[in-house]
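Here's input-v7.csv, which has CSV, C-alpha atoms:
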```
chain,number,residue,atom,x,y,z
A,1,MET,CA,-105.8,50.3,82.4
A,2,ILE,CA,-105.5,47.0,84.4
A,3,LEU,CA,-104.3,47.1,88.0
A,4,GLY,CA,-103.2,50.7,87.6
A,5,ILE,CA,-100.9,49.9,84.7
A,6,THR,CA,-101.3,51.9,81.5
A,7,ALA,CA,-100.9,50.5,78.0
A,8,ALA,CA,-97.8,52.6,77.5
A,9,GLU,CA,-96.2,51.1,80.7
A,10,LYS,CA,-97.1,47.6,79.5
A,11,TYR,CA,-95.4,48.2,76.1
A,12,VAL,CA,-92.3,49.8,77.8
A,13,ALA,CA,-92.1,46.8,80.2
A,14,ALA,CA,-92.4,44.4,77.2
A,15,ALA,CA,-89.6,46.1,75.3
A,16,TYR,CA,-87.2,46.1,78.2
A,17,GLY,CA,-88.3,42.6,79.1
A,18,ILE,CA,-87.6,41.2,75.6
A,19,VAL,CA,-84.1,42.6,75.7
A,20,PHE,CA,-83.5,41.1,79.2
A,21,LEU,CA,-84.9,37.8,78.1
A,22,VAL,CA,-82.9,37.5,74.9
A,23,VAL,CA,-79.7,38.3,76.7
A,24,LEU,CA,-80.6,35.8,79.4
A,25,VAL,CA,-81.3,33.1,76.8
A,26,TYR,CA,-78.0,33.9,75.1
A,27,VAL,CA,-76.0,33.7,78.4
A,28,LEU,CA,-77.8,30.3,79.1
A,29,ILE,CA,-76.8,29.0,75.6
A,30,ILE,CA,-73.2,30.1,76.2
A,31,ALA,CA,-73.3,28.4,79.7
A,32,LEU,CA,-74.5,25.2,78.1
A,33,LYS,CA,-71.8,25.3,75.5
A,34,LEU,CA,-69.1,25.9,78.2
A,35,GLY,CA,-70.5,22.9,80.0
A,36,ARG,CA,-70.1,20.8,76.8
A,37,LEU,CA,-66.5,22.1,76.3
A,38,ASP,CA,-65.7,21.2,79.9
A,39,ARG,CA,-67.0,17.6,79.4
A,40,GLU,CA,-65.0,17.3,76.1
A,41,LEU,CA,-61.9,18.6,77.9
A,42,ASP,CA,-62.4,16.0,80.7
A,43,GLU,CA,-62.7,13.3,78.1
A,44,LEU,CA,-59.6,14.3,76.2
A,45,THR,CA,-57.6,14.6,79.5
A,46,GLY,CA,-58.8,11.0,80.3
A,47,VAL,CA,-57.6,9.8,76.9
A,48,VAL,CA,-54.2,11.4,77.4
A,49,ARG,CA,-53.9,10.0,80.9
A,50,GLU,CA,-54.9,6.5,79.8
A,51,ARG,CA,-52.2,6.6,77.0
A,52,ARG,CA,-49.6,7.8,79.4
A,53,GLU,CA,-50.4,5.0,81.9
A,54,ALA,CA,-50.3,2.4,79.0
A,55,GLU,CA,-46.9,3.8,78.0
A,56,GLU,CA,-45.6,3.5,81.5
A,57,GLU,CA,-46.9,-0.1,81.8
A,58,LEU,CA,-45.1,-1.0,78.6
A,59,ARG,CA,-41.9,0.7,79.8
A,60,GLU,CA,-42.0,-1.4,83.0
A,61,GLU,CA,-42.4,-4.7,81.0
A,62,VAL,CA,-39.2,-4.2,79.0
A,63,PRO,CA,-36.4,-6.5,80.4
A,64,VAL,CA,-33.2,-4.7,81.4
A,65,GLY,CA,-29.9,-6.0,80.1
B,1,MET,CA,-58.4,44.0,86.2
B,2,ASN,CA,-55.3,44.1,83.9
B,3,GLU,CA,-55.1,40.3,84.3
B,4,ASN,CA,-58.7,39.7,83.2
B,5,PRO,CA,-59.8,42.4,80.7
B,6,LEU,CA,-63.0,40.4,79.9
B,7,ALA,CA,-64.1,40.5,83.5
B,8,ALA,CA,-63.4,44.2,83.6
B,9,LEU,CA,-65.5,44.7,80.5
B,10,ALA,CA,-68.3,42.6,81.9
B,11,ALA,CA,-68.3,44.6,85.1
B,12,LEU,CA,-68.3,47.9,83.2
B,13,SER,CA,-71.2,46.7,81.1
B,14,GLY,CA,-73.1,45.7,84.3
B,15,VAL,CA,-72.5,49.1,85.8
B,16,LEU,CA,-73.5,51.0,82.7
B,17,ILE,CA,-76.7,48.9,82.3
B,18,ALA,CA,-77.7,49.6,85.9
B,19,ALA,CA,-76.9,53.3,85.4
B,20,SER,CA,-78.9,53.5,82.2
B,21,ILE,CA,-82.0,51.7,83.8
B,22,ALA,CA,-81.8,54.1,86.7
B,23,LEU,CA,-81.6,57.1,84.4
B,24,ILE,CA,-84.4,55.9,82.2
B,25,PHE,CA,-86.9,55.2,84.9
B,26,PHE,CA,-85.9,57.6,87.7
B,27,TYR,CA,-84.1,60.6,86.1
B,28,VAL,CA,-85.2,61.4,82.5
B,29,PRO,CA,-88.4,63.5,82.2
B,30,THR,CA,-91.4,62.0,80.4
B,31,ASP,CA,-91.7,63.2,76.8
B,32,ALA,CA,-94.4,65.8,76.3
B,33,ASP,CA,-95.4,64.4,72.9
B,34,GLN,CA,-95.3,60.6,73.2
B,35,GLY,CA,-95.6,60.3,77.0
B,36,PHE,CA,-94.2,57.2,78.9
B,37,SER,CA,-93.9,55.1,75.8
B,38,GLN,CA,-91.0,57.3,74.5
B,39,ARG,CA,-88.8,55.5,77.1
B,40,ILE,CA,-88.6,52.7,74.5
B,41,PHE,CA,-86.4,55.1,72.5
B,42,TYR,CA,-83.6,54.6,75.1
B,43,ILE,CA,-83.4,50.9,74.4
B,44,HIS,CA,-84.5,50.7,70.8
B,45,VAL,CA,-82.1,53.2,69.2
B,46,PRO,CA,-79.0,52.0,71.2
B,47,VAL,CA,-79.8,48.4,70.3
B,48,ALA,CA,-80.2,49.4,66.6
B,49,LEU,CA,-76.9,51.3,66.6
B,50,THR,CA,-75.2,48.4,68.3
B,51,ALA,CA,-76.5,46.0,65.6
B,52,TYR,CA,-75.0,48.4,62.9
B,53,ALA,CA,-71.7,48.5,64.9
B,54,CYS,CA,-71.6,44.7,65.0
B,55,PHE,CA,-72.3,44.3,61.3
B,56,GLY,CA,-69.7,47.0,60.6
B,57,TRP,CA,-67.1,45.3,62.9
B,58,GLY,CA,-67.9,42.0,61.1
B,59,ALA,CA,-67.3,43.6,57.7
B,60,TRP,CA,-64.0,45.2,59.0
B,61,LYS,CA,-62.8,41.8,60.1
B,62,ALA,CA,-63.8,40.3,56.8
B,63,LEU,CA,-61.8,43.0,55.0
B,64,ARG,CA,-58.8,42.2,57.3
B,65,HIS,CA,-59.2,38.5,56.4
B,66,LEU,CA,-59.2,39.2,52.6
B,67,TRP,CA,-56.6,42.0,52.7
B,68,LYS,CA,-54.1,41.0,55.3
B,69,ARG,CA,-54.9,37.3,55.8
B,70,GLU,CA,-55.2,38.1,59.5
B,71,PRO,CA,-55.4,34.8,61.5
B,72,GLY,CA,-58.7,34.4,63.3
B,73,ALA,CA,-60.3,37.4,61.4
B,74,ASP,CA,-62.8,35.0,59.7
B,75,LEU,CA,-64.0,33.7,63.1
B,76,GLU,CA,-64.1,37.3,64.6
B,77,SER,CA,-66.2,38.4,61.5
B,78,TYR,CA,-68.6,35.5,62.0
B,79,VAL,CA,-69.0,36.2,65.8
B,80,ALA,CA,-69.6,39.9,65.1
B,81,ILE,CA,-72.3,39.1,62.5
B,82,HIS,CA,-73.9,36.7,64.9
B,83,GLN,CA,-74.0,39.4,67.6
B,84,GLY,CA,-75.4,41.8,65.0
B,85,VAL,CA,-78.2,39.4,64.1
B,86,ILE,CA,-79.1,39.1,67.8
B,87,PHE,CA,-79.2,42.8,68.3
B,88,GLY,CA,-81.1,43.0,65.0
B,89,VAL,CA,-83.8,40.7,66.4
B,90,LEU,CA,-84.0,43.0,69.5
B,91,THR,CA,-84.2,46.1,67.2
B,92,LEU,CA,-87.1,44.7,65.3
B,93,ALA,CA,-88.9,43.5,68.5
B,94,THR,CA,-88.5,46.7,70.4
B,95,GLY,CA,-89.3,48.8,67.3
B,96,SER,CA,-92.5,46.8,66.7
B,97,LEU,CA,-93.6,47.4,70.3
B,98,TRP,CA,-92.9,51.1,70.0
B,99,ALA,CA,-94.7,51.3,66.6
B,100,LYS,CA,-97.8,49.6,68.0
B,101,ILE,CA,-98.1,52.0,71.0
B,102,SER,CA,-97.1,55.2,69.0
B,103,TRP,CA,-98.6,54.6,65.5
B,104,GLY,CA,-101.1,51.8,66.2
B,105,HIS,CA,-99.4,49.3,63.9
B,106,TRP,CA,-96.8,46.6,64.6
B,107,TRP,CA,-95.2,47.2,61.2
B,108,LEU,CA,-95.5,49.6,58.3
B,109,TRP,CA,-94.3,48.4,54.9
B,110,SER,CA,-94.5,52.0,53.7
B,111,GLU,CA,-91.6,53.1,56.0
B,112,SER,CA,-88.3,52.7,54.2
B,113,GLN,CA,-86.3,52.8,57.4
B,114,LEU,CA,-88.1,49.7,58.7
B,115,VAL,CA,-88.0,47.8,55.4
B,116,LEU,CA,-84.3,48.6,54.9
B,117,PHE,CA,-83.4,47.4,58.3
B,118,LEU,CA,-85.4,44.2,57.7
B,119,VAL,CA,-83.5,43.7,54.4
B,120,LEU,CA,-80.2,44.3,56.2
B,121,PHE,CA,-81.3,41.8,58.9
B,122,LEU,CA,-82.4,39.1,56.4
B,123,PHE,CA,-79.2,39.6,54.4
B,124,TYR,CA,-77.0,38.9,57.4
B,125,GLY,CA,-79.4,36.1,58.4
B,126,ALA,CA,-78.7,34.5,55.1
B,127,TYR,CA,-74.9,34.7,55.9
B,128,PHE,CA,-75.4,31.7,58.2
B,129,MET,CA,-77.0,29.7,55.5
B,130,LEU,CA,-74.0,30.4,53.3
B,131,ARG,CA,-71.5,29.6,56.1
B,132,TYR,CA,-73.1,26.3,57.1
B,133,SER,CA,-73.7,25.1,53.5
B,134,VAL,CA,-70.0,25.1,52.7
B,135,GLU,CA,-67.3,22.9,54.1
B,136,PRO,CA,-65.0,24.7,56.6
B,137,GLY,CA,-61.7,25.9,55.1
B,138,PRO,CA,-60.2,28.8,53.2
B,139,ALA,CA,-62.8,28.8,50.5
B,140,ARG,CA,-65.6,29.2,53.0
B,141,ALA,CA,-63.7,31.9,54.9
B,142,ASN,CA,-63.2,33.9,51.6
B,143,MET,CA,-66.9,33.5,50.5
B,144,CYS,CA,-68.2,34.6,53.9
B,145,ALA,CA,-65.8,37.6,54.0
B,146,VAL,CA,-67.0,38.8,50.6
B,147,TYR,CA,-70.6,38.3,51.6
B,148,ALA,CA,-70.1,40.3,54.9
B,149,LEU,CA,-68.5,43.1,52.9
B,150,PHE,CA,-71.4,43.3,50.5
B,151,GLY,CA,-73.8,43.6,53.4
B,152,VAL,CA,-72.0,46.6,55.0
B,153,VAL,CA,-73.1,48.7,52.0
B,154,LEU,CA,-76.7,48.4,53.3
B,155,ILE,CA,-75.8,50.1,56.7
B,156,PRO,CA,-75.4,53.7,55.5
B,157,ILE,CA,-78.4,53.2,53.1
B,158,SER,CA,-80.5,52.0,56.1
B,159,PHE,CA,-79.3,54.8,58.3
B,160,LEU,CA,-79.8,57.5,55.7
B,161,ALA,CA,-83.1,56.2,54.4
B,162,ILE,CA,-85.1,57.9,57.0
B,163,ARG,CA,-83.5,61.2,56.3
B,164,LEU,CA,-83.9,60.9,52.5
B,165,ALA,CA,-87.5,59.7,52.6
B,166,ASN,CA,-90.4,62.1,52.3
B,167,GLN,CA,-92.6,60.2,54.7
B,168,LEU,CA,-91.5,61.0,58.2
B,169,ILE,CA,-93.6,58.9,60.5
B,170,HIS,CA,-90.4,57.4,61.9
B,171,PRO,CA,-89.0,60.2,64.1
B,172,VAL,CA,-85.6,61.9,63.4
B,173,VAL,CA,-83.8,63.1,66.5
B,174,PHE,CA,-80.3,63.3,65.3
B,175,THR,CA,-79.9,66.0,62.6
B,176,LEU,CA,-77.0,68.1,61.3
B,177,GLN,CA,-78.0,70.6,63.9
B,178,GLY,CA,-77.3,68.1,66.7
B,179,PRO,CA,-79.6,66.0,68.9
B,180,GLN,CA,-83.2,67.3,68.9
B,181,MET,CA,-83.9,66.5,72.6
B,182,ALA,CA,-83.2,67.9,76.1
B,183,GLY,CA,-79.8,67.6,77.7
B,184,SER,CA,-81.0,65.0,80.2
B,185,MET,CA,-82.5,62.9,77.5
B,186,PHE,CA,-79.3,63.0,75.5
B,187,LEU,CA,-77.3,62.0,78.5
B,188,THR,CA,-79.6,59.1,79.2
B,189,PHE,CA,-79.3,58.1,75.5
B,190,CYS,CA,-75.5,58.2,75.6
B,191,VAL,CA,-75.3,56.1,78.8
B,192,SER,CA,-77.7,53.6,77.2
B,193,LEU,CA,-75.7,53.5,74.0
B,194,ALA,CA,-72.5,52.9,76.0
B,195,ALA,CA,-74.2,50.2,78.0
B,196,MET,CA,-75.4,48.4,74.8
B,197,LEU,CA,-72.0,48.7,73.1
B,198,THR,CA,-70.1,47.3,76.2
B,199,LEU,CA,-72.7,44.5,76.5
B,200,ALA,CA,-72.2,43.6,72.8
B,201,ALA,CA,-68.4,43.8,73.3
B,202,THR,CA,-68.6,41.5,76.3
B,203,LEU,CA,-70.8,39.0,74.6
B,204,PHE,CA,-68.6,39.1,71.5
B,205,HIS,CA,-65.4,38.3,73.5
B,206,ILE,CA,-67.2,35.5,75.5
B,207,GLU,CA,-68.6,33.9,72.3
B,208,LEU,CA,-65.2,34.3,70.6
B,209,ALA,CA,-63.4,32.6,73.5
B,210,GLY,CA,-65.9,29.7,73.4
B,211,LYS,CA,-65.4,29.3,69.6
B,212,ARG,CA,-61.6,29.4,70.0
B,213,ILE,CA,-61.6,26.8,72.7
B,214,ASP,CA,-64.0,24.6,70.7
B,215,SER,CA,-61.7,24.9,67.7
B,216,ARG,CA,-58.6,24.0,69.7
B,217,LEU,CA,-60.4,21.0,71.3
B,218,ARG,CA,-61.4,19.7,67.9
B,219,GLU,CA,-57.7,20.1,66.8
B,220,LEU,CA,-56.6,18.2,69.9
B,221,ARG,CA,-59.1,15.5,69.3
B,222,GLU,CA,-57.8,15.0,65.8
B,223,LEU,CA,-54.2,14.9,67.1
B,224,LEU,CA,-55.1,12.2,69.6
B,225,ALA,CA,-57.2,10.1,67.2
```
So, in terms of structure tokens, how does the structure I just supplied come out?
Amino acid sequence: MILGITAAEKYVAAAYGIVFLVVLVYVLIIALKLGRLDRELDELTGVVRERREAEEELREEVPVG
Amino acid sequence: MNENPLAALAALSGVLIAASIALIFFYVPTDADQGFSQRIFYIHVPVALTAYACFGWGAWKALRHLWKREPGADLESYVAIHQGVIFGVLTLATGSLWAKISWGHWWLWSESQLVLFLVLFLFYGAYFMLRYSVEPGPARANMCAVYALFGVVLIPISFLAIRLANQLIHPVVFTLQGPQMAGSMFLTFCVSLAAMLTLAATLFHIELAGKRIDSRLRELRELLA
């Protein structure tokens, strides 16, 4: 027994701690993935916006009549 | 809540986890035979049953893919098996800790329940090797579905192994006569099981949503190229 903690208590704490840690790591991985998806979405939105602006510029250059 | 069922599921999962932790450490009596270490039971068994449920759900979705050609069933099967493998890792880790404190060994190769669960875990671990070694498309989806269905056969074998084996080091608490434990212990176990199942369901839907968004973004990227 160290600091009043029995061996059984240590093993129980380790078992629950592992479950908590694995779920935490999983949530962290999902959060990182969501961050990547957010950046990709930003990038694609930028591409669409640039194309639309280019199209609008082309439209302005066409002479009328 | 009706507008965002995933948030409701996550909240329910959080409440059940908090309730199960409270019951395990402040309500349920200490086991007369194993003492404090028996509290690992309330996490180990629900985690193991959740792993079985995930593999079973993955196999069901694989069957729906092969049988009904249900759109998205392949992805759902993959995500369920991924969850099953995560819960499988947790089962092996918590089981090893419980074995060490109870039997004095981290692992016993003579225990058919342990070995069969390891076989099941490795079988589904190899699923990812198959999936990532084949180009995405209908052929990969079909191969993975067939593989997932083969694996599900191991679940009842793994579950029944302990009951059919002669060596009974691994405890049996659920028999044909019902749960062999006090009512308070069974209540705690049920709440823990519900907590693990809702946690798995929440993580399943979050991962699935991420995969679907990823797939749509890839499609959008191809359209814009």
Inset, instruction - Go ahead and compute the interatomic distance for atom CA of A:Glu43 and atom CA of B:Ala209, in Å to one decimal. - result: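 For atom CA of A:Glu43 relative to atom CA of B:Ala209, the distance reads 19.9 Å.
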Find the nearest atom pair between each residue of chain B and chain A for residues within 7 Å, count only C-alpha atoms, give distances in Å to one decimal, sort rows by chain and ascending number, and present the table as CSV.
```
residue,atom,partner,partner_atom,distance
B:Phe36,CA,A:Ala8,CA,6.0
B:Ser37,CA,A:Ala8,CA,4.9
B:Arg39,CA,A:Val12,CA,6.7
B:Ile40,CA,A:Val12,CA,5.7
B:Leu90,CA,A:Val19,CA,6.2
B:Thr94,CA,A:Ala15,CA,5.1
B:Leu97,CA,A:Tyr11,CA,6.1
B:Ile101,CA,A:Ala8,CA,6.5
B:Gly210,CA,A:Leu34,CA,6.9
B:Asp214,CA,A:Leu37,CA,6.6
```
Inset, instruction - Determine, counting all atoms listed in the file, which protein, DNA and RNA residues have an atom within 12 Å of an atom of B:Leu187; residues of the same chain fewer than 2 positions away are not included. Present the result as a list in words. - result: Ala19, Ser20, Leu23, Ile24, Tyr27, Val28, Pro29, Tyr42, Pro179, Met181, Ala182, Gly183, Ser184, Met185, Phe189, Cys190, Val191, Ser192, Leu193 and Ala194 of chain B
Inset, instruction - Can you work out the spacing between atom CA of B:Leu130 and atom CA of B:Gly72 in Å, to one decimal? - result: 18.7 Å
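Note that atom CA of B:Val79 and atom CA of B:Gly58 are 7.5 Å apart.
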Exercise: B:Ile17 partners within 8 Å, only C-alpha atoms, chain neighbours under 3 positions left out, as a short mmCIF file (atom, residue, chain, number, x, y, z; two decimals) with C-alpha atoms, keeping the file's coordinate frame:
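around33.cif was written with the following content:
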```
data_model
loop_
_atom_site.label_atom_id
_atom_site.label_comp_id
_atom_site.auth_asym_id
_atom_site.auth_seq_id
_atom_site.Cartn_x
_atom_site.Cartn_y
_atom_site.Cartn_z
CA SER B 13 -71.20 46.70 81.10
CA GLY B 14 -73.10 45.70 84.30
CA SER B 20 -78.90 53.50 82.20
CA ILE B 21 -82.00 51.70 83.80
CA SER B 192 -77.70 53.60 77.20
CA ALA B 195 -74.20 50.20 78.00
CA MET B 196 -75.40 48.40 74.80
#
```
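Nearest-residue note for B:Ala59: choosing from B:Gly104, B:Gly125, B:Gly84, B:Gly137, the minimum distance belongs to B:Gly84, counting all atoms listed in the file.
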